[in-house]
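Here is the structure we will look at.
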Amino acid sequence: MATSFVKPHLLQLTRSLLLCIVVFSCNDNLYAQSDTDFYESQIRPLFIKHCIKCHGPDKQESDLRLDARDYWEKGGISGPALIPRKPEDSLLLNAVKQTDPDLKMPPGKNKLTATEIQAIEQWIKTGAAAPKLNVTQEPKRLSLADAQSFWSFQPVTRPQVPDADANQEWVKTPIDQFILRKLNAAGISPASHADKRTLIRRATFDLTGLPPTPEEIDSFVNDDSPNAFSVVVNRLLESKAYGERWGRHWLDVARYADTAGDGADYPVREAVKYRNWVINAFNSDKPYDEFLREQIAGDIIAQSGPDELYAQRVIATGFLAIGKRYGYKPSPDYQHLDFADVIDSLGRATMGLTIGCARCHDHKYDPISAADYYALYGVMQSTTWAFPGGEEQKRPSHFPAIVPPAEVTRLEGLRKTQITEVDRKLAALAQERQEKDASWVAGGVDLGFESQELQKPLTSPWVCAGPIEVREDSQSPYRHVHPAGTRGVHIGSSVPTDGIRYVFPRPLNASHGRKMHFTVDFRTQADASQDGAYRIYLGQGVIESTAVDISISRSEIALKNGGTWEVLRKLAPGTWYTVQIVIDPEDKSYSGTVGTKEDLTSFKDKKAAPNWNGVVDCFICDAFGHIEGTASARDIDNIGLSYTPFAA
């Protein structure tokens, strides 16, 4: 018969999860754990780091060992290494402080930090508590059989119920007979029976944490049937409040909280799922063995089905994941602290064992070795741990799915399909709006030029560097793209990286049967004397994927055909020219015209950049042209990008 929560007389302690571990036997003459915590966490690691190499089991300089209490009490050739509660008289403290030129430890440059010295002084001042080992015997490793028979791992046996006595009427259950035997041995008589009003209050508070209602009290007081109290107890056990009341005790053991702890103490919105799982486990009278197994390995058990239990079994593993999270983002830098918390909680909650002690050394009085600890650590490290969110990464990540893997695949595919459809509809609506918005021409109203301040550099939505200035006399005379304006941009002669950049808010993407249209007006300064060329770039991002490159010097314009520059025609400084390009994404080619209204030069079937990805969303004018050297100053205006052709 399965063990359950609501029948405490049937409970049996869970068999150990670690029956097969290899252990060390220890002397029983030990300090309580609380007395030696400081030594184990602060002093022992310090001794291992700085002292044990020369004062340990392998080597004893000056006949001194510091790896056990018995050794430092005995001391070396100069006497005891320390005197509890007398740090000023302790040779060990004087040595690490290095105030005596003849007594400096450790030797060389590896001096202890002020914090480490302070820890040793505090430890000695408070009594230098540490486990006392039997130094006359070498530790003997137990065999596997001996470890399985360790006293604390033996199953609970059912004792013989004591014989009845004169107070048999007071006894209602076998447990009462054990209580009565102890009372008799102490010469104490059992307390008298509580009245019914007191009894229902005790039972209701105990099982639900709430007071009984007046109606419930009256019903019980007026019920003279022999099973009246059983009716009350069964009603309370069936109430939702029972699981809420008694589930809290386990949640305390499981170190439950709605936040992740550590510095950020980030809220964990999923924590409530585990809390409710615990409450429902109590209310459904889940057998204790299943209760433990699902919390430790529910995700593994869930894979064997049935599917309807998959979610709850995965949620049960919140017992492992609900602990404190260190650090502000998912990082292996702090995960060893997460694992230490989980392993320590696992041992304390399920077996009453301080497994965490074996993180640094073999346990001193429980049969757990450091090897056993890191075997468990390996299991934890091989698991993907959910991250609740933190100051650096605010969104949760790596939470396990609560549906079977096949369903995850199906839902992910459905999600991608739905997102693709939503993106398609949004793109269509954006295009429709663009086509119906009279003020939206070729990427925006003059791409923000008209809102720029004269005699100042370009500002948002533009990005610029170098000698850039918005000028009234930099306005193009052409009107085929934007309405008549009042200003353009002047780019002075400078280093190649200086220039201007604009990212179109609505990128153009390659699609079947649809061409891309681009235009720009430019003028090289009339008195230009520089021989270098400036460049006009069109593509995705900041040179992330080039579509078209155009290069202009004071005397000529060149186009890049695939990967090769080709000079197209001669130019005259001080003259405004317009470039119009039509890109065919299907064969990655482009054609167009360059010139003035009276003097146009056509070109066609030029190859786009070899690795262009089919996206255009960025215009750049810098000085990385087809001729090296300092480029001339120039004016730029009337930039446009559209799926529809511009006026001739």
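In the structure tokens, the first chain shown is A, the next is B, and so on; residue numbers restart at 1 for each chain, and ligands run from 1 in the order shown.
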
Could you pull the residues within 10 Å of stretch 559-576 of chain A, counting only C-alpha atoms, minus those fewer than 2 positions along the same chain, as a count of residues only?
54

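The space between atom CA of A:Ile500 and atom CA of A:Gly466 spans 8.8 Å.
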
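Between atom CA of A:Cys618 and atom CA of A:Ala633 the separation is 21.6 Å.
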
Which polymer residues have any atom within 12 Å of an atom of A:Lys456, counting only C-alpha atoms, with same-chain residues fewer than 6 positions away left out, as a ChimeraX atom specification?
/A:449,464,466-472,487-491

Could those residues be written to a file, using N, CA and C atoms, as a compact mmCIF listing (two decimals), in the first residue's frame?
```
# COMPACT_ATOMS: atom_id res chain seq x y z
N PHE A 449 15.51 66.04 -44.81
CA PHE A 449 16.36 67.21 -45.10
C PHE A 449 15.68 68.52 -44.71
N CYS A 464 26.05 61.23 -39.30
CA CYS A 464 27.11 61.83 -40.08
C CYS A 464 28.40 61.95 -39.27
N GLY A 466 32.45 64.09 -39.68
CA GLY A 466 33.32 64.93 -40.49
C GLY A 466 32.70 66.29 -40.77
N PRO A 467 33.23 67.00 -41.76
CA PRO A 467 32.75 68.35 -42.10
C PRO A 467 31.44 68.31 -42.89
N ILE A 468 30.35 68.15 -42.18
CA ILE A 468 29.01 68.04 -42.79
C ILE A 468 28.22 69.29 -42.42
N GLU A 469 27.51 69.86 -43.40
CA GLU A 469 26.73 71.07 -43.12
C GLU A 469 25.50 71.10 -44.02
N VAL A 470 24.34 71.41 -43.41
CA VAL A 470 23.11 71.59 -44.17
C VAL A 470 23.12 73.02 -44.74
N ARG A 471 22.96 73.12 -46.07
CA ARG A 471 23.07 74.43 -46.72
C ARG A 471 21.89 74.68 -47.65
N GLU A 472 21.56 75.95 -47.78
CA GLU A 472 20.51 76.34 -48.71
C GLU A 472 20.97 76.17 -50.15
N ARG A 487 16.82 73.12 -48.98
CA ARG A 487 18.16 72.80 -48.50
C ARG A 487 18.61 71.41 -48.93
N GLY A 488 19.92 71.22 -48.95
CA GLY A 488 20.56 69.93 -49.18
C GLY A 488 21.71 69.81 -48.20
N VAL A 489 22.59 68.84 -48.43
CA VAL A 489 23.70 68.64 -47.50
C VAL A 489 25.02 68.78 -48.24
N HIS A 490 25.97 69.46 -47.60
CA HIS A 490 27.31 69.64 -48.15
C HIS A 490 28.28 68.78 -47.35
N ILE A 491 29.09 67.99 -48.06
CA ILE A 491 30.09 67.12 -47.43
C ILE A 491 31.46 67.65 -47.83
```

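Reported to one decimal place, the separation of atom CA of A:Asp617 from atom CA of A:Ile543 is 10.8 Å.
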
Would you mind writing down, as an NGL selection string, each residue of stretch 53-193 of chain A that DSSP on the backbone assigns to helix (DSSP H, G or I)?
:A and (61-63 or 69-74 or 87-89 or 91-97 or 114-125 or 144-148 or 151-153 or 168-170 or 174-185)

Fewer than 4 positions away in the same chain doesn't count, so skip those; otherwise give me all residues within 8 Å of A:Gln393, counting only C-alpha atoms, as number ranges by chain.
A: 328-330, 389

Write out as a tab-separated table (two decimals) with N, CA and C atoms, in the first residue's frame each polymer residue whose atoms come within 12 Å of A:Ala68, counting only C-alpha atoms; drop sequence neighbours fewer than 6 positions from it.
```tsv
chain	number	residue	atom	x	y	z
A	39	TYR	N	34.83	27.19	10.60
A	39	TYR	CA	36.08	26.51	10.26
A	39	TYR	C	36.00	25.86	8.88
A	40	GLU	N	34.89	25.16	8.63
A	40	GLU	CA	34.76	24.43	7.38
A	40	GLU	C	34.69	25.37	6.18
A	43	ILE	N	38.21	28.63	7.36
A	43	ILE	CA	39.56	28.35	7.82
A	43	ILE	C	40.18	27.15	7.10
A	44	ARG	N	39.43	26.05	6.97
A	44	ARG	CA	40.00	24.87	6.31
A	44	ARG	C	40.44	25.19	4.87
A	47	PHE	N	43.73	27.03	5.10
A	47	PHE	CA	44.85	26.15	5.44
A	47	PHE	C	45.29	25.33	4.23
A	48	ILE	N	44.30	24.81	3.48
A	48	ILE	CA	44.63	24.00	2.30
A	48	ILE	C	45.39	24.84	1.28
A	52	ILE	N	48.91	23.46	4.11
A	52	ILE	CA	48.95	22.00	4.15
A	52	ILE	C	50.10	21.43	3.32
A	55	HIS	N	52.70	21.59	5.94
A	55	HIS	CA	52.30	21.20	7.29
A	55	HIS	C	51.06	20.30	7.21
A	56	GLY	N	51.18	19.23	6.42
A	56	GLY	CA	50.07	18.31	6.24
A	56	GLY	C	50.50	16.88	6.35
A	57	PRO	N	49.73	15.95	5.83
A	57	PRO	CA	50.05	14.52	5.97
A	57	PRO	C	51.31	14.10	5.21
A	74	LYS	N	48.68	19.69	19.52
A	74	LYS	CA	49.98	19.12	19.89
A	74	LYS	C	51.11	20.07	19.51
A	75	GLY	N	50.99	20.71	18.34
A	75	GLY	CA	51.98	21.67	17.90
A	75	GLY	C	53.23	21.04	17.34
A	81	ALA	N	50.36	25.33	18.12
A	81	ALA	CA	50.26	26.35	17.08
A	81	ALA	C	49.31	27.46	17.46
A	128	ALA	N	38.32	28.57	18.30
A	128	ALA	CA	38.97	27.70	17.31
A	128	ALA	C	38.26	26.36	17.16
A	129	ALA	N	36.92	26.40	17.06
A	129	ALA	CA	36.14	25.17	16.93
A	129	ALA	C	36.45	24.46	15.62
A	130	ALA	N	36.64	23.15	15.69
A	130	ALA	CA	36.90	22.33	14.52
A	130	ALA	C	36.61	20.88	14.89
A	131	PRO	N	36.28	20.04	13.90
A	131	PRO	CA	36.03	18.63	14.20
A	131	PRO	C	37.26	17.99	14.85
A	132	LYS	N	37.02	17.19	15.88
A	132	LYS	CA	38.12	16.49	16.55
A	132	LYS	C	38.22	15.09	15.97
A	133	LEU	N	39.33	14.78	15.34
A	133	LEU	CA	39.52	13.48	14.72
A	133	LEU	C	40.37	12.59	15.60
A	134	ASN	N	40.19	11.30	15.44
A	134	ASN	CA	41.06	10.33	16.13
A	134	ASN	C	42.32	10.18	15.29
A	135	VAL	N	43.37	10.89	15.71
A	135	VAL	CA	44.59	10.92	14.90
A	135	VAL	C	45.44	9.68	15.08
A	136	THR	N	45.02	8.77	15.97
A	136	THR	CA	45.82	7.56	16.18
A	136	THR	C	45.49	6.50	15.15
A	364	LYS	N	32.66	14.52	7.53
A	364	LYS	CA	33.33	14.10	8.76
A	364	LYS	C	32.51	13.15	9.61
```

For A:Ala114, list every protein, DNA or RNA residue within 10 Å, evaluated using only C-alpha atoms, and leave out those in the same chain fewer than 5 positions away; present the list as a ChimeraX atom specification.
/A:96-97,119

Store the residues of this selection in a file with N, CA and C atoms, as a short mmCIF file (atom, residue, chain, number, x, y, z; two decimals), in the first residue's frame.
```cif
data_model
loop_
_atom_site.label_atom_id
_atom_site.label_comp_id
_atom_site.auth_asym_id
_atom_site.auth_seq_id
_atom_site.Cartn_x
_atom_site.Cartn_y
_atom_site.Cartn_z
N VAL A 96 51.39 34.42 10.60
CA VAL A 96 50.76 34.91 9.38
C VAL A 96 50.70 36.43 9.34
N LYS A 97 50.71 37.09 10.52
CA LYS A 97 50.78 38.55 10.54
C LYS A 97 52.16 39.05 10.14
N ALA A 119 40.08 36.56 9.49
CA ALA A 119 39.28 35.35 9.69
C ALA A 119 39.94 34.41 10.69
#
```

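Closest approach to A:Val495 among A:Gly614, A:Pro80, A:Pro405, A:Gly532: A:Gly532, based on only C-alpha atoms.
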
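Residues lying within 12 Å of A:Ala406, counting only C-alpha atoms and ignoring same-chain neighbours fewer than 5 positions away, are Gln303, Asp307, Ala401, Leu411, Glu412 and Gly413 of chain A.
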